[in-house]
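To be precise, the following lines are my_file26.tsv, and they hold TSV, C-alpha atoms.
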chain	number	residue	atom	x	y	z
A	1	MET	CA	1.80	-21.56	-125.19
A	2	LYS	CA	1.81	-17.83	-125.91
A	3	ARG	CA	4.62	-15.77	-124.45
A	4	ARG	CA	2.16	-13.50	-122.61
A	5	ASP	CA	0.33	-16.45	-121.02
A	6	PHE	CA	3.59	-18.09	-120.07
A	7	LEU	CA	4.83	-14.99	-118.29
A	8	LYS	CA	1.48	-14.60	-116.54
A	9	ARG	CA	1.72	-18.14	-115.21
A	10	ALA	CA	5.33	-17.58	-114.21
A	11	SER	CA	4.36	-14.59	-112.09
A	12	ILE	CA	2.32	-16.82	-109.78
A	13	MET	CA	4.34	-20.02	-110.00
A	14	PRO	CA	5.26	-21.90	-106.84
A	15	LEU	CA	8.99	-21.64	-106.32
A	16	VAL	CA	9.65	-25.18	-105.13
A	17	ALA	CA	9.79	-27.92	-107.72
A	18	ARG	CA	10.58	-31.58	-108.06
A	19	SER	CA	14.17	-32.48	-108.90
A	20	SER	CA	13.10	-33.42	-112.44
A	21	LEU	CA	12.59	-29.77	-113.32
A	22	LEU	CA	16.09	-28.44	-112.92
A	23	GLY	CA	18.18	-31.56	-112.57
A	24	THR	CA	20.16	-32.00	-109.38
A	25	ALA	CA	20.70	-28.41	-108.32
A	26	MET	CA	22.49	-28.40	-104.97
A	27	LEU	CA	23.33	-25.76	-102.42
A	28	THR	CA	27.09	-26.27	-102.51
A	29	ASN	CA	27.72	-22.66	-103.50
A	30	ILE	CA	25.54	-21.15	-100.83
A	31	LYS	CA	27.58	-19.59	-98.06
A	32	LYS	CA	26.59	-18.14	-94.75
A	33	ALA	CA	26.37	-14.49	-95.76
A	34	TYR	CA	23.86	-12.67	-93.62
A	35	ALA	CA	23.43	-8.93	-93.93
A	36	ALA	CA	21.96	-9.08	-90.42
A	37	ASN	CA	25.11	-10.49	-88.77
A	38	GLY	CA	23.74	-14.02	-88.84
A	39	LYS	CA	20.38	-13.08	-87.32
A	40	SER	CA	17.02	-14.35	-88.49
A	41	LEU	CA	13.52	-13.01	-87.81
A	42	ILE	CA	10.41	-15.19	-88.12
A	43	VAL	CA	7.07	-13.35	-88.19
A	44	ILE	CA	3.88	-15.34	-87.55
A	45	PHE	CA	0.68	-13.45	-88.36
A	46	GLN	CA	-2.49	-14.61	-86.60
A	47	ARG	CA	-4.92	-13.52	-89.29
A	48	GLY	CA	-8.52	-12.85	-88.35
A	49	GLY	CA	-7.94	-10.95	-85.14
A	50	CYS	CA	-6.95	-13.08	-82.16
A	51	ASP	CA	-8.83	-12.54	-78.89
A	52	GLY	CA	-5.95	-11.57	-76.63
A	53	LEU	CA	-8.08	-11.44	-73.48
A	54	ASN	CA	-8.48	-15.21	-73.58
A	55	VAL	CA	-4.83	-15.75	-74.49
A	56	THR	CA	-3.20	-13.57	-71.84
A	57	VAL	CA	-5.93	-13.87	-69.26
A	58	PRO	CA	-6.29	-10.97	-66.74
A	59	TYR	CA	-7.73	-13.28	-64.09
A	60	GLY	CA	-6.78	-10.79	-61.38
A	61	GLU	CA	-9.47	-8.38	-62.57
A	62	ASP	CA	-13.02	-9.28	-61.55
A	63	GLU	CA	-14.53	-7.33	-64.43
A	64	TYR	CA	-13.06	-9.86	-66.87
A	65	TYR	CA	-15.44	-12.49	-65.53
A	66	ASN	CA	-18.39	-10.08	-65.52
A	67	LEU	CA	-17.81	-9.34	-69.21
A	68	ARG	CA	-17.41	-12.99	-70.18
A	69	PRO	CA	-19.64	-15.21	-68.06
A	70	ASP	CA	-19.62	-18.07	-70.59
A	71	ILE	CA	-16.20	-17.94	-72.26
A	72	ALA	CA	-13.82	-16.65	-69.56
A	73	ILE	CA	-10.84	-18.79	-68.59
A	74	PRO	CA	-10.88	-19.81	-64.90
A	75	ALA	CA	-8.22	-18.42	-62.59
A	76	PRO	CA	-5.19	-20.66	-62.00
A	77	SER	CA	-5.86	-23.68	-59.83
A	78	ALA	CA	-4.94	-27.33	-59.55
A	79	SER	CA	-7.32	-28.06	-62.41
A	80	PRO	CA	-5.78	-28.44	-65.90
A	81	ASP	CA	-8.77	-26.45	-67.17
A	82	SER	CA	-7.55	-23.19	-65.71
A	83	ALA	CA	-5.17	-20.43	-66.67
A	84	LEU	CA	-1.43	-21.05	-66.45
A	85	ASP	CA	-0.24	-18.52	-63.89
A	86	LEU	CA	2.31	-15.94	-65.06
A	87	ASP	CA	2.64	-13.31	-62.34
A	88	GLY	CA	-0.30	-13.42	-59.96
A	89	PHE	CA	-2.49	-11.27	-62.22
A	90	PHE	CA	-2.12	-12.67	-65.73
A	91	GLY	CA	-2.25	-16.27	-66.90
A	92	LEU	CA	-1.94	-18.01	-70.25
A	93	HIS	CA	-4.78	-19.99	-71.79
A	94	PRO	CA	-4.37	-23.67	-70.76
A	95	ALA	CA	-4.05	-24.62	-74.45
A	96	ALA	CA	-0.86	-22.54	-74.67
A	97	THR	CA	1.36	-24.93	-72.73
A	98	GLY	CA	4.04	-24.70	-75.42
A	99	LEU	CA	4.37	-20.96	-74.91
A	100	TYR	CA	4.18	-21.35	-71.15
A	101	ASP	CA	7.18	-23.67	-71.24
A	102	ILE	CA	9.18	-21.00	-73.10
A	103	TYR	CA	8.01	-18.33	-70.64
A	104	GLN	CA	9.29	-20.38	-67.73
A	105	LYS	CA	12.70	-20.51	-69.42
A	106	GLY	CA	12.74	-16.71	-69.55
A	107	ASP	CA	12.67	-16.53	-73.36
A	108	LEU	CA	9.11	-15.25	-73.94
A	109	ALA	CA	8.08	-11.60	-73.91
A	110	ILE	CA	4.31	-11.14	-73.59
A	111	LEU	CA	2.79	-7.88	-74.80
A	112	PRO	CA	-0.97	-8.00	-74.01
A	113	THR	CA	-2.01	-4.49	-75.15
A	114	VAL	CA	-0.51	-3.95	-78.62
A	115	HIS	CA	-2.17	-1.84	-81.31
A	116	TYR	CA	-2.17	1.71	-82.68
A	117	SER	CA	-4.11	4.94	-82.16
A	118	ASN	CA	-7.43	5.63	-83.91
A	119	ALA	CA	-7.51	2.01	-84.99
A	120	ASN	CA	-9.43	0.55	-87.90
A	121	ARG	CA	-11.45	-2.62	-87.23
A	122	SER	CA	-11.32	-3.83	-90.82
A	123	HIS	CA	-9.33	-7.03	-91.29
A	124	PHE	CA	-7.87	-5.89	-94.59
A	125	SER	CA	-7.00	-2.33	-93.59
A	126	SER	CA	-5.55	-3.29	-90.23
A	127	GLN	CA	-3.43	-6.06	-91.72
A	128	ASP	CA	-2.14	-3.66	-94.37
A	129	PHE	CA	-1.32	-0.99	-91.79
A	130	ILE	CA	0.52	-3.40	-89.52
A	131	GLU	CA	2.42	-5.03	-92.38
A	132	SER	CA	3.21	-1.64	-93.89
A	133	GLY	CA	4.76	-0.62	-90.57
A	134	MET	CA	2.69	2.56	-90.52
A	135	ALA	CA	-0.37	3.19	-88.33
A	136	ASN	CA	-3.47	4.21	-90.29
A	137	GLN	CA	-1.65	4.18	-93.61
A	138	ALA	CA	-1.24	1.32	-96.07
A	139	LEU	CA	2.02	1.73	-97.95
A	140	PRO	CA	2.67	-0.12	-101.23
A	141	ASN	CA	5.66	-1.86	-99.68
A	142	GLY	CA	6.10	-3.63	-96.35
A	143	TRP	CA	8.39	-2.94	-93.40
A	144	LEU	CA	10.30	-6.19	-93.86
A	145	ASN	CA	10.92	-5.51	-97.54
A	146	ARG	CA	12.18	-2.04	-96.72
A	147	TYR	CA	14.55	-3.64	-94.25
A	148	LEU	CA	15.84	-5.96	-97.00
A	149	SER	CA	16.17	-3.01	-99.38
A	150	SER	CA	18.11	-0.99	-96.80
A	151	SER	CA	20.83	-3.61	-96.48
A	152	SER	CA	22.44	-6.01	-98.90
A	153	THR	CA	24.53	-9.14	-99.22
A	154	ASN	CA	27.31	-9.81	-101.67
A	155	ASN	CA	26.28	-13.45	-102.13
A	156	ASN	CA	23.87	-13.87	-105.04
A	157	ASN	CA	23.10	-17.43	-103.93
A	158	THR	CA	21.75	-16.34	-100.57
A	159	ILE	CA	18.00	-16.65	-99.97
A	160	ARG	CA	17.50	-13.72	-97.64
A	161	ALA	CA	13.72	-13.89	-97.27
A	162	LEU	CA	10.88	-16.33	-97.77
A	163	SER	CA	7.11	-16.02	-97.43
A	164	PHE	CA	4.95	-19.08	-96.91
A	165	THR	CA	1.62	-19.70	-98.70
A	166	GLU	CA	1.35	-16.21	-100.20
A	167	LEU	CA	3.53	-13.14	-100.33
A	168	ALA	CA	2.81	-11.25	-97.13
A	169	HIS	CA	2.31	-7.52	-97.53
A	170	SER	CA	5.21	-7.00	-95.12
A	171	LEU	CA	7.54	-8.58	-97.73
A	172	GLN	CA	6.16	-6.79	-100.78
A	173	GLY	CA	8.40	-4.16	-102.34
A	174	ASN	CA	11.47	-3.54	-104.45
A	175	THR	CA	13.41	-6.55	-103.21
A	176	PRO	CA	11.98	-9.71	-104.80
A	177	VAL	CA	10.96	-12.40	-102.29
A	178	PRO	CA	10.01	-16.00	-103.15
A	179	THR	CA	6.83	-17.66	-101.92
A	180	VAL	CA	6.27	-21.34	-101.19
A	181	SER	CA	3.57	-23.48	-99.64
A	182	THR	CA	5.91	-26.05	-98.10
A	183	LEU	CA	9.28	-27.33	-99.22
A	184	SER	CA	7.75	-30.68	-100.10
A	185	THR	CA	5.04	-29.23	-102.34
A	186	PRO	CA	5.47	-30.52	-105.91
A	187	ASN	CA	5.11	-28.18	-108.84
A	188	ASP	CA	2.99	-29.68	-111.58
A	189	GLN	CA	2.45	-26.44	-113.49
A	190	PHE	CA	5.76	-26.46	-115.37
A	191	ASN	CA	7.82	-29.10	-117.11
A	192	GLU	CA	11.49	-28.90	-118.04
A	193	LEU	CA	10.75	-27.53	-121.51
A	194	GLN	CA	8.65	-24.72	-120.07
A	195	ILE	CA	11.33	-23.86	-117.52
A	196	ASN	CA	13.94	-23.68	-120.31
A	197	THR	CA	11.61	-21.46	-122.33
A	198	LEU	CA	11.16	-19.14	-119.38
A	199	GLN	CA	14.91	-18.96	-118.90
A	200	LYS	CA	15.37	-17.95	-122.54
A	201	ILE	CA	12.71	-15.25	-122.23
A	202	LEU	CA	14.28	-13.82	-119.10
A	203	ASN	CA	17.74	-13.81	-120.67
A	204	GLN	CA	16.54	-11.52	-123.45
A	205	SER	CA	17.53	-7.88	-123.23
A	206	VAL	CA	14.92	-5.49	-121.93
A	207	SER	CA	14.55	-1.76	-122.27
A	208	ASN	CA	15.06	0.16	-119.05
A	209	LYS	CA	12.30	2.47	-120.21
A	210	ASN	CA	9.68	-0.25	-119.77
A	211	GLN	CA	9.26	-0.60	-116.01
A	212	ALA	CA	6.84	-3.54	-116.26
A	213	HIS	CA	9.23	-5.58	-118.38
A	214	THR	CA	12.12	-4.69	-116.09
A	215	LEU	CA	10.20	-5.92	-113.05
A	216	ILE	CA	9.20	-9.15	-114.79
A	217	HIS	CA	12.83	-9.86	-115.65
A	218	LYS	CA	14.08	-8.94	-112.18
A	219	HIS	CA	11.52	-11.04	-110.31
A	220	GLY	CA	11.54	-13.84	-112.84
A	221	LYS	CA	15.29	-14.33	-112.65
A	222	LEU	CA	15.14	-14.35	-108.88
A	223	ALA	CA	12.30	-16.90	-109.03
A	224	LEU	CA	14.37	-19.27	-111.14
A	225	LYS	CA	17.43	-18.81	-108.94
A	226	ASP	CA	15.45	-19.52	-105.78
A	227	LEU	CA	13.66	-22.41	-107.48
A	228	SER	CA	17.03	-23.96	-108.14
A	229	ASN	CA	18.38	-23.22	-104.65
A	230	LEU	CA	15.32	-24.49	-102.82
A	231	GLU	CA	14.77	-27.50	-105.06
A	232	THR	CA	17.24	-29.69	-103.25
A	233	PHE	CA	15.15	-29.61	-100.08
A	234	THR	CA	12.17	-31.30	-101.74
A	235	ASN	CA	13.88	-34.69	-101.65
A	236	ILE	CA	15.59	-34.39	-98.26
A	237	THR	CA	14.07	-36.12	-95.25
A	238	TYR	CA	14.43	-33.70	-92.38
A	239	THR	CA	14.47	-34.99	-88.80
A	240	PRO	CA	13.81	-32.42	-86.05
A	241	GLU	CA	16.24	-32.38	-83.15
A	242	ASN	CA	16.00	-32.22	-79.36
A	243	GLY	CA	12.76	-34.22	-79.31
A	244	ALA	CA	10.77	-31.51	-81.12
A	245	THR	CA	7.40	-32.60	-82.52
A	246	TYR	CA	5.69	-30.26	-84.97
A	247	PRO	CA	1.90	-30.18	-85.37
A	248	ASP	CA	0.72	-32.22	-88.33
A	249	THR	CA	-0.80	-29.16	-89.97
A	250	ASN	CA	0.30	-26.97	-92.84
A	251	TYR	CA	1.35	-24.32	-90.30
A	252	GLY	CA	3.37	-26.87	-88.34
A	253	GLN	CA	5.11	-28.17	-91.45
A	254	GLN	CA	6.00	-24.64	-92.53
A	255	LEU	CA	7.68	-24.01	-89.18
A	256	LYS	CA	9.59	-27.26	-89.58
A	257	ASN	CA	10.70	-26.09	-93.05
A	258	ILE	CA	11.99	-22.86	-91.50
A	259	ALA	CA	14.11	-24.79	-89.01
A	260	GLN	CA	15.51	-26.88	-91.86
A	261	LEU	CA	16.45	-23.79	-93.88
A	262	ILE	CA	18.00	-21.97	-90.91
A	263	LYS	CA	20.16	-24.99	-90.13
A	264	ALA	CA	21.20	-25.15	-93.80
A	265	ASP	CA	22.86	-21.72	-93.40
A	266	ILE	CA	21.41	-20.33	-96.63
A	267	GLY	CA	21.41	-16.77	-95.30
A	268	LEU	CA	17.74	-16.63	-94.36
A	269	GLU	CA	17.09	-13.34	-92.58
A	270	VAL	CA	13.32	-12.89	-92.68
A	271	THR	CA	10.47	-15.40	-92.96
A	272	THR	CA	6.72	-14.91	-92.74
A	273	VAL	CA	4.06	-17.49	-91.88
A	274	SER	CA	0.29	-17.09	-91.57
A	275	SER	CA	-1.84	-18.76	-88.92
A	276	ASN	CA	-5.39	-18.26	-90.15
A	277	ASN	CA	-9.01	-18.36	-88.90
A	278	TRP	CA	-8.81	-16.37	-85.66
A	279	ASP	CA	-12.07	-14.52	-86.42
A	280	THR	CA	-14.16	-15.97	-83.58
A	281	HIS	CA	-17.53	-14.22	-83.90
A	282	ALA	CA	-19.44	-17.33	-82.78
A	283	ASN	CA	-18.72	-20.39	-80.65
A	284	GLN	CA	-15.31	-19.13	-79.65
A	285	GLY	CA	-15.33	-21.24	-76.52
A	286	GLY	CA	-13.30	-20.82	-73.39
A	287	VAL	CA	-11.07	-23.60	-72.12
A	288	THR	CA	-12.27	-25.69	-75.08
A	289	GLY	CA	-13.66	-24.65	-78.44
A	290	ASP	CA	-12.49	-23.06	-81.67
A	291	GLN	CA	-9.95	-20.69	-80.16
A	292	ALA	CA	-8.49	-23.36	-77.89
A	293	THR	CA	-7.96	-25.66	-80.87
A	294	LYS	CA	-6.20	-22.88	-82.77
A	295	LEU	CA	-4.09	-21.98	-79.74
A	296	THR	CA	-2.88	-25.56	-79.35
A	297	ASP	CA	-1.64	-25.64	-82.94
A	298	PHE	CA	-0.18	-22.13	-82.69
A	299	SER	CA	1.59	-22.67	-79.36
A	300	ASP	CA	2.81	-26.22	-80.02
A	301	GLY	CA	4.23	-25.15	-83.37
A	302	ILE	CA	6.26	-22.33	-81.82
A	303	ASN	CA	7.49	-24.61	-79.05
A	304	ALA	CA	8.56	-27.24	-81.60
A	305	LEU	CA	10.49	-24.64	-83.60
A	306	TYR	CA	12.12	-23.24	-80.45
A	307	THR	CA	13.03	-26.75	-79.28
A	308	ASP	CA	14.24	-27.95	-82.66
A	309	LEU	CA	16.57	-24.99	-83.17
A	310	GLY	CA	17.97	-25.32	-79.67
A	311	SER	CA	19.94	-22.75	-77.71
A	312	VAL	CA	22.66	-22.31	-80.35
A	313	TYR	CA	20.37	-21.37	-83.23
A	314	MET	CA	17.80	-19.60	-81.03
A	315	SER	CA	20.58	-17.25	-79.92
A	316	ASP	CA	20.41	-15.82	-83.46
A	317	VAL	CA	16.69	-16.29	-84.11
A	318	THR	CA	13.77	-14.19	-82.90
A	319	ILE	CA	10.13	-15.15	-83.40
A	320	LEU	CA	7.51	-12.39	-83.47
A	321	THR	CA	3.78	-13.11	-83.44
A	322	VAL	CA	1.31	-10.43	-84.52
A	323	THR	CA	-2.42	-10.04	-85.13
A	324	GLU	CA	-4.40	-7.23	-86.74
A	325	PHE	CA	-6.59	-6.49	-83.70
A	326	GLY	CA	-8.11	-8.04	-80.60
A	327	ARG	CA	-11.77	-8.59	-79.82
A	328	THR	CA	-14.54	-6.91	-77.87
A	329	ALA	CA	-14.07	-7.06	-74.11
A	330	LYS	CA	-17.61	-8.38	-73.68
A	331	GLN	CA	-18.73	-11.66	-75.21
A	332	ASN	CA	-21.51	-11.43	-77.78
A	333	ALA	CA	-24.85	-13.25	-78.00
A	334	SER	CA	-23.28	-15.98	-80.17
A	335	LEU	CA	-20.79	-16.93	-77.44
A	336	GLY	CA	-18.02	-15.30	-79.40
A	337	THR	CA	-16.37	-11.90	-79.66
A	338	ASP	CA	-16.39	-9.21	-82.32
A	339	HIS	CA	-13.67	-7.04	-83.87
A	340	GLY	CA	-11.86	-5.06	-81.22
A	341	ASN	CA	-8.71	-3.12	-80.49
A	342	ALA	CA	-5.59	-4.17	-78.58
A	343	SER	CA	-4.41	-7.77	-78.44
A	344	THR	CA	-1.48	-9.93	-77.36
A	345	TRP	CA	1.75	-10.16	-79.33
A	346	PHE	CA	4.66	-12.42	-78.40
A	347	VAL	CA	8.42	-12.20	-78.92
A	348	ILE	CA	10.47	-15.38	-78.46
A	349	GLY	CA	14.22	-15.95	-78.43
A	350	LYS	CA	17.30	-16.56	-76.31
A	351	GLN	CA	18.18	-12.86	-76.48
A	352	VAL	CA	14.67	-11.85	-75.39
A	353	ASN	CA	14.13	-10.34	-71.95
A	354	GLY	CA	11.24	-12.51	-70.85
A	355	GLY	CA	8.29	-11.07	-68.96
A	356	ILE	CA	5.07	-9.10	-69.40
A	357	TYR	CA	5.26	-5.66	-70.98
A	358	GLY	CA	3.05	-2.59	-71.06
A	359	THR	CA	0.70	-0.83	-68.66
A	360	TRP	CA	-2.58	-2.62	-68.04
A	361	PRO	CA	-5.42	-0.18	-68.84
A	362	GLY	CA	-8.22	-2.04	-67.06
A	363	LEU	CA	-11.59	-3.40	-68.17
A	364	MET	CA	-14.06	-1.15	-66.37
A	365	PRO	CA	-16.46	0.77	-68.67
A	366	ASP	CA	-14.59	4.06	-68.26
A	367	GLN	CA	-11.27	2.32	-68.97
A	368	LEU	CA	-12.29	0.62	-72.21
A	369	TYR	CA	-11.60	2.26	-75.55
A	370	LYS	CA	-14.93	3.59	-76.83
A	371	GLY	CA	-16.56	1.69	-73.99
A	372	ARG	CA	-16.13	-1.68	-75.73
A	373	TYR	CA	-12.51	-2.50	-76.46
A	374	LEU	CA	-9.27	-3.08	-74.61
A	375	GLU	CA	-7.19	0.09	-74.77
A	376	HIS	CA	-3.74	-0.23	-76.29
A	377	THR	CA	-0.69	0.86	-74.32
A	378	ILE	CA	2.02	-0.45	-76.66
A	379	GLU	CA	2.52	0.88	-80.19
A	380	PHE	CA	3.26	-1.95	-82.59
A	381	THR	CA	5.91	0.12	-84.35
A	382	ASP	CA	7.88	0.32	-81.09
A	383	ILE	CA	8.17	-3.47	-81.17
A	384	TYR	CA	9.36	-3.34	-84.77
A	385	ALA	CA	11.90	-0.67	-83.86
A	386	ASP	CA	13.29	-2.86	-81.08
A	387	LEU	CA	13.71	-5.77	-83.48
A	388	ILE	CA	15.24	-3.68	-86.26
A	389	LYS	CA	17.71	-1.97	-83.96
A	390	ASN	CA	18.63	-4.69	-81.48
A	391	HIS	CA	18.15	-7.89	-83.47
A	392	LEU	CA	18.66	-7.07	-87.15
A	393	SER	CA	21.30	-4.41	-86.39
A	394	ALA	CA	19.73	-1.90	-88.77
A	395	GLY	CA	19.02	0.94	-86.36
A	396	GLU	CA	20.63	3.51	-88.67
A	397	ASN	CA	17.95	2.69	-91.26
A	398	LEU	CA	14.97	3.08	-88.93
A	399	PRO	CA	13.63	6.29	-90.58
A	400	PHE	CA	13.49	4.46	-93.93
A	401	ILE	CA	12.13	1.15	-92.62
A	402	LEU	CA	9.57	2.75	-90.28
A	403	PRO	CA	8.80	6.20	-91.73
A	404	GLY	CA	6.26	7.05	-89.04
A	405	GLY	CA	8.28	9.17	-86.63
A	406	GLN	CA	9.60	8.68	-83.12
A	407	TYR	CA	9.79	5.33	-81.33
A	408	GLN	CA	9.82	4.54	-77.63
A	409	PRO	CA	12.26	1.78	-76.63
A	410	ILE	CA	10.57	-1.21	-74.99
A	411	GLY	CA	13.64	-3.18	-73.99
A	412	ILE	CA	12.44	-6.56	-75.23
A	413	LEU	CA	15.87	-7.60	-76.47
A	414	SER	CA	19.16	-7.76	-74.63
The structure given in the file should be rewritten as structure tokens.
Amino acid sequence: MKRRDFLKRASIMPLVARSSLLGTAMLTNIKKAYAANGKSLIVIFQRGGCDGLNVTVPYGEDEYYNLRPDIAIPAPSASPDSALDLDGFFGLHPAATGLYDIYQKGDLAILPTVHYSNANRSHFSSQDFIESGMANQALPNGWLNRYLSSSSTNNNNTIRALSFTELAHSLQGNTPVPTVSTLSTPNDQFNELQINTLQKILNQSVSNKNQAHTLIHKHGKLALKDLSNLETFTNITYTPENGATYPDTNYGQQLKNIAQLIKADIGLEVTTVSSNNWDTHANQGGVTGDQATKLTDFSDGINALYTDLGSVYMSDVTILTVTEFGRTAKQNASLGTDHGNASTWFVIGKQVNGGIYGTWPGLMPDQLYKGRYLEHTIEFTDIYADLIKNHLSAGENLPFILPGGQYQPIGILS
């Protein structure tokens, strides 16, 4: 294999391998060494644009039912096919029982009108803006990577961040971050000889004048280190605690992997997971249908993670869910919804001040943004600022992590 081809393959290699690749590498040298005072942030991105109006249901507003005669969620009642009442005005979709359980415990903050001004309704642009941490501007690095770059740990064996499936834009930047599918995914691309060859290549000296070579060496060495550190988990049978049952989906297994790594005390500060296929242009459904199926997986997975970690770990863990935009207030002719504006984000944790946040803008024609979309009343960067300052204890670095200007405190976290 040519050196160039080998390095090209290495740049996209999965970072979890079978034990045959690197022997019996164990985590005995990994210490609990968090730069964030032992805190961990898990970010779940609902990619595709989740329809927040059918997640946090404004059943107290008659116009909601006028706009959605076929897909609206019925107001709370004795029927299981009705919204789960939150406060007499809002209710959760009946498929979101897992989240409702957390809400009743006081550990769920619901933010039904999150977005940014002059919003873009492109999936790609909006995801880039939100993961950049900058409204209407896609930066080359992400807000979570800038957080990692603004603080450090003295333990070289610590795995501070991990991105599942693919490297999220929020974790792209100067601090290298490994990517995995699941901890049990075997790696058939490399054998032991190839790994040894890669190690030899990366141990060669490199000129500081060649930025590309420097980056390859930096990221490659981190990849091998994390490959070794994570490898031990591929052969460990993990049993969730407290009766937690994860969905038997890739998303569910990734959340279970996160619980396993947090309990292993490897120094995990930031993790990203994607929940895909929220783009419900057609056949969205109401109580049942495509969105309800997705919500069951989404909600049950979060509840399993919350339950598995228990009160001790969840005192140091916060889960944030985000989506790039909501949907049109009015259903379309295909019994779905189109790209919109504001949507629901959630924040979960034992240190979270549970409740519903933000001013409700209303759904009447003169209250809708551009006459079609739910108006936003919460800036997404304000949520980030709350988490950075009050959870990750990096408030002094806010101007670097979120270079957009002033932030209004929301008070989500104690």
Show me, as a ChimeraX atom specification, the residues that have an atom within 12 Å of segment 81-87 of chain A when counting only C-alpha atoms, minus same-chain residues fewer than 5 positions from it. /A:53-60,72-76,92-104,106,108-110,286-288,292,354-357
Have a look at atom CA of Thr175 of chain A and atom CA of Asn397 of chain A and let me know their distance in Å, one decimal.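 Interatomic distance here is 15.8 Å.
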Taking all atoms listed in the file into account, name the residue in A:Phe380, A:Ala78, A:Asn283, A:Ser40 that is nearest to Ser117 of chain A.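 The closest residue to Ser117 of chain A is A:Phe380.
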May I have the residues at most 8 Å from (-3.6, -7.7, -91.2) in the file's coordinates, counting only C-alpha atoms, as a PyMOL selection string? chain A and resi 45+47-48+123-131+323-324
Tell me which protein, DNA and RNA residues are within 12 Å of Leu368 of chain A, counting all atoms listed in the file, leaving out same-chain ones fewer than 3 positions away, and put them as a VMD selection string. chain A and resid 63 to 64 67 113 327 to 330 340 to 342 360 to 365 371 to 377
What separation in Å, quoted to one decimal, exists between atom CA of Leu309 of chain A and atom CA of Thr239 of chain A? 11.7 Å
Residue nearest Ser151 of chain A - candidates A:Gly252, A:Gly395, A:Pro69, A:Pro403, atoms counted: all atoms listed in the file: A:Gly395
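Put simply, atom CA of Phe89 of chain A is 29.3 Å away from atom CA of Asn390 of chain A.
Compared by their closest atoms to Ser122 of chain A, and using only C-alpha atoms, the residues A:Asn250, A:Leu305, A:Asn353, A:Gly49 rank with A:Gly49 nearest.
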Box time for segment 310-323 of chain A: axis-aligned, enclosing all its listed atoms, 8 Å extra on each side; report centre and edge lengths in Å to one decimal, as AutoDock Vina command-line options.
--center_x 10.1 --center_y -17.7 --center_z -81.4 --size_x 41.1 --size_y 31.3 --size_z 23.4
For Tyr306 of chain A, which of A:Gly285, A:Pro140, A:Gly336, A:Gly243 is the closest residue, counting all atoms listed in the file? A:Gly243
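Closest approach to Ile401 of chain A among A:Asn277, A:Ser149, A:Thr179, A:Ser77 is made by A:Ser149 (distances from all atoms listed in the file).
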Counting all atoms listed in the file, the option among A:Leu392, A:Leu139, A:Ile302, A:Cys50 closest to Phe325 of chain A: A:Cys50
Using the incomplete input, complete segment 66-77 of chain A to the level of N, CA and C atoms; output as a CSV table (one decimal), in the frame of the given file.
chain,number,residue,atom,x,y,z
A,66,ASN,N,-17.1,-10.7,-65.3
A,66,ASN,CA,-18.4,-10.1,-65.5
A,66,ASN,C,-18.7,-9.9,-67.0
A,67,LEU,N,-17.6,-9.6,-67.8
A,67,LEU,CA,-17.8,-9.3,-69.2
A,67,LEU,C,-18.0,-10.6,-70.0
A,68,ARG,N,-17.5,-11.7,-69.4
A,68,ARG,CA,-17.4,-13.0,-70.2
A,68,ARG,C,-17.9,-14.2,-69.3
A,69,PRO,N,-19.1,-14.2,-69.0
A,69,PRO,CA,-19.6,-15.2,-68.1
A,69,PRO,C,-19.6,-16.6,-68.6
A,70,ASP,N,-19.6,-16.7,-70.0
A,70,ASP,CA,-19.6,-18.1,-70.6
A,70,ASP,C,-18.3,-18.5,-71.2
A,71,ILE,N,-17.4,-17.6,-71.5
A,71,ILE,CA,-16.2,-17.9,-72.3
A,71,ILE,C,-14.9,-17.6,-71.5
A,72,ALA,N,-15.0,-17.0,-70.3
A,72,ALA,CA,-13.8,-16.6,-69.6
A,72,ALA,C,-13.0,-17.9,-69.2
A,73,ILE,N,-11.7,-17.7,-69.0
A,73,ILE,CA,-10.8,-18.8,-68.6
A,73,ILE,C,-10.7,-18.7,-67.1
A,74,PRO,N,-11.0,-19.8,-66.4
A,74,PRO,CA,-10.9,-19.8,-64.9
A,74,PRO,C,-9.5,-19.4,-64.4
A,75,ALA,N,-9.5,-18.8,-63.2
A,75,ALA,CA,-8.2,-18.4,-62.6
A,75,ALA,C,-7.4,-19.7,-62.3
A,76,PRO,N,-6.1,-19.5,-62.2
A,76,PRO,CA,-5.2,-20.7,-62.0
A,76,PRO,C,-5.6,-21.5,-60.8
A,77,SER,N,-5.5,-22.8,-60.9
A,77,SER,CA,-5.9,-23.7,-59.8
A,77,SER,C,-5.2,-25.0,-60.1
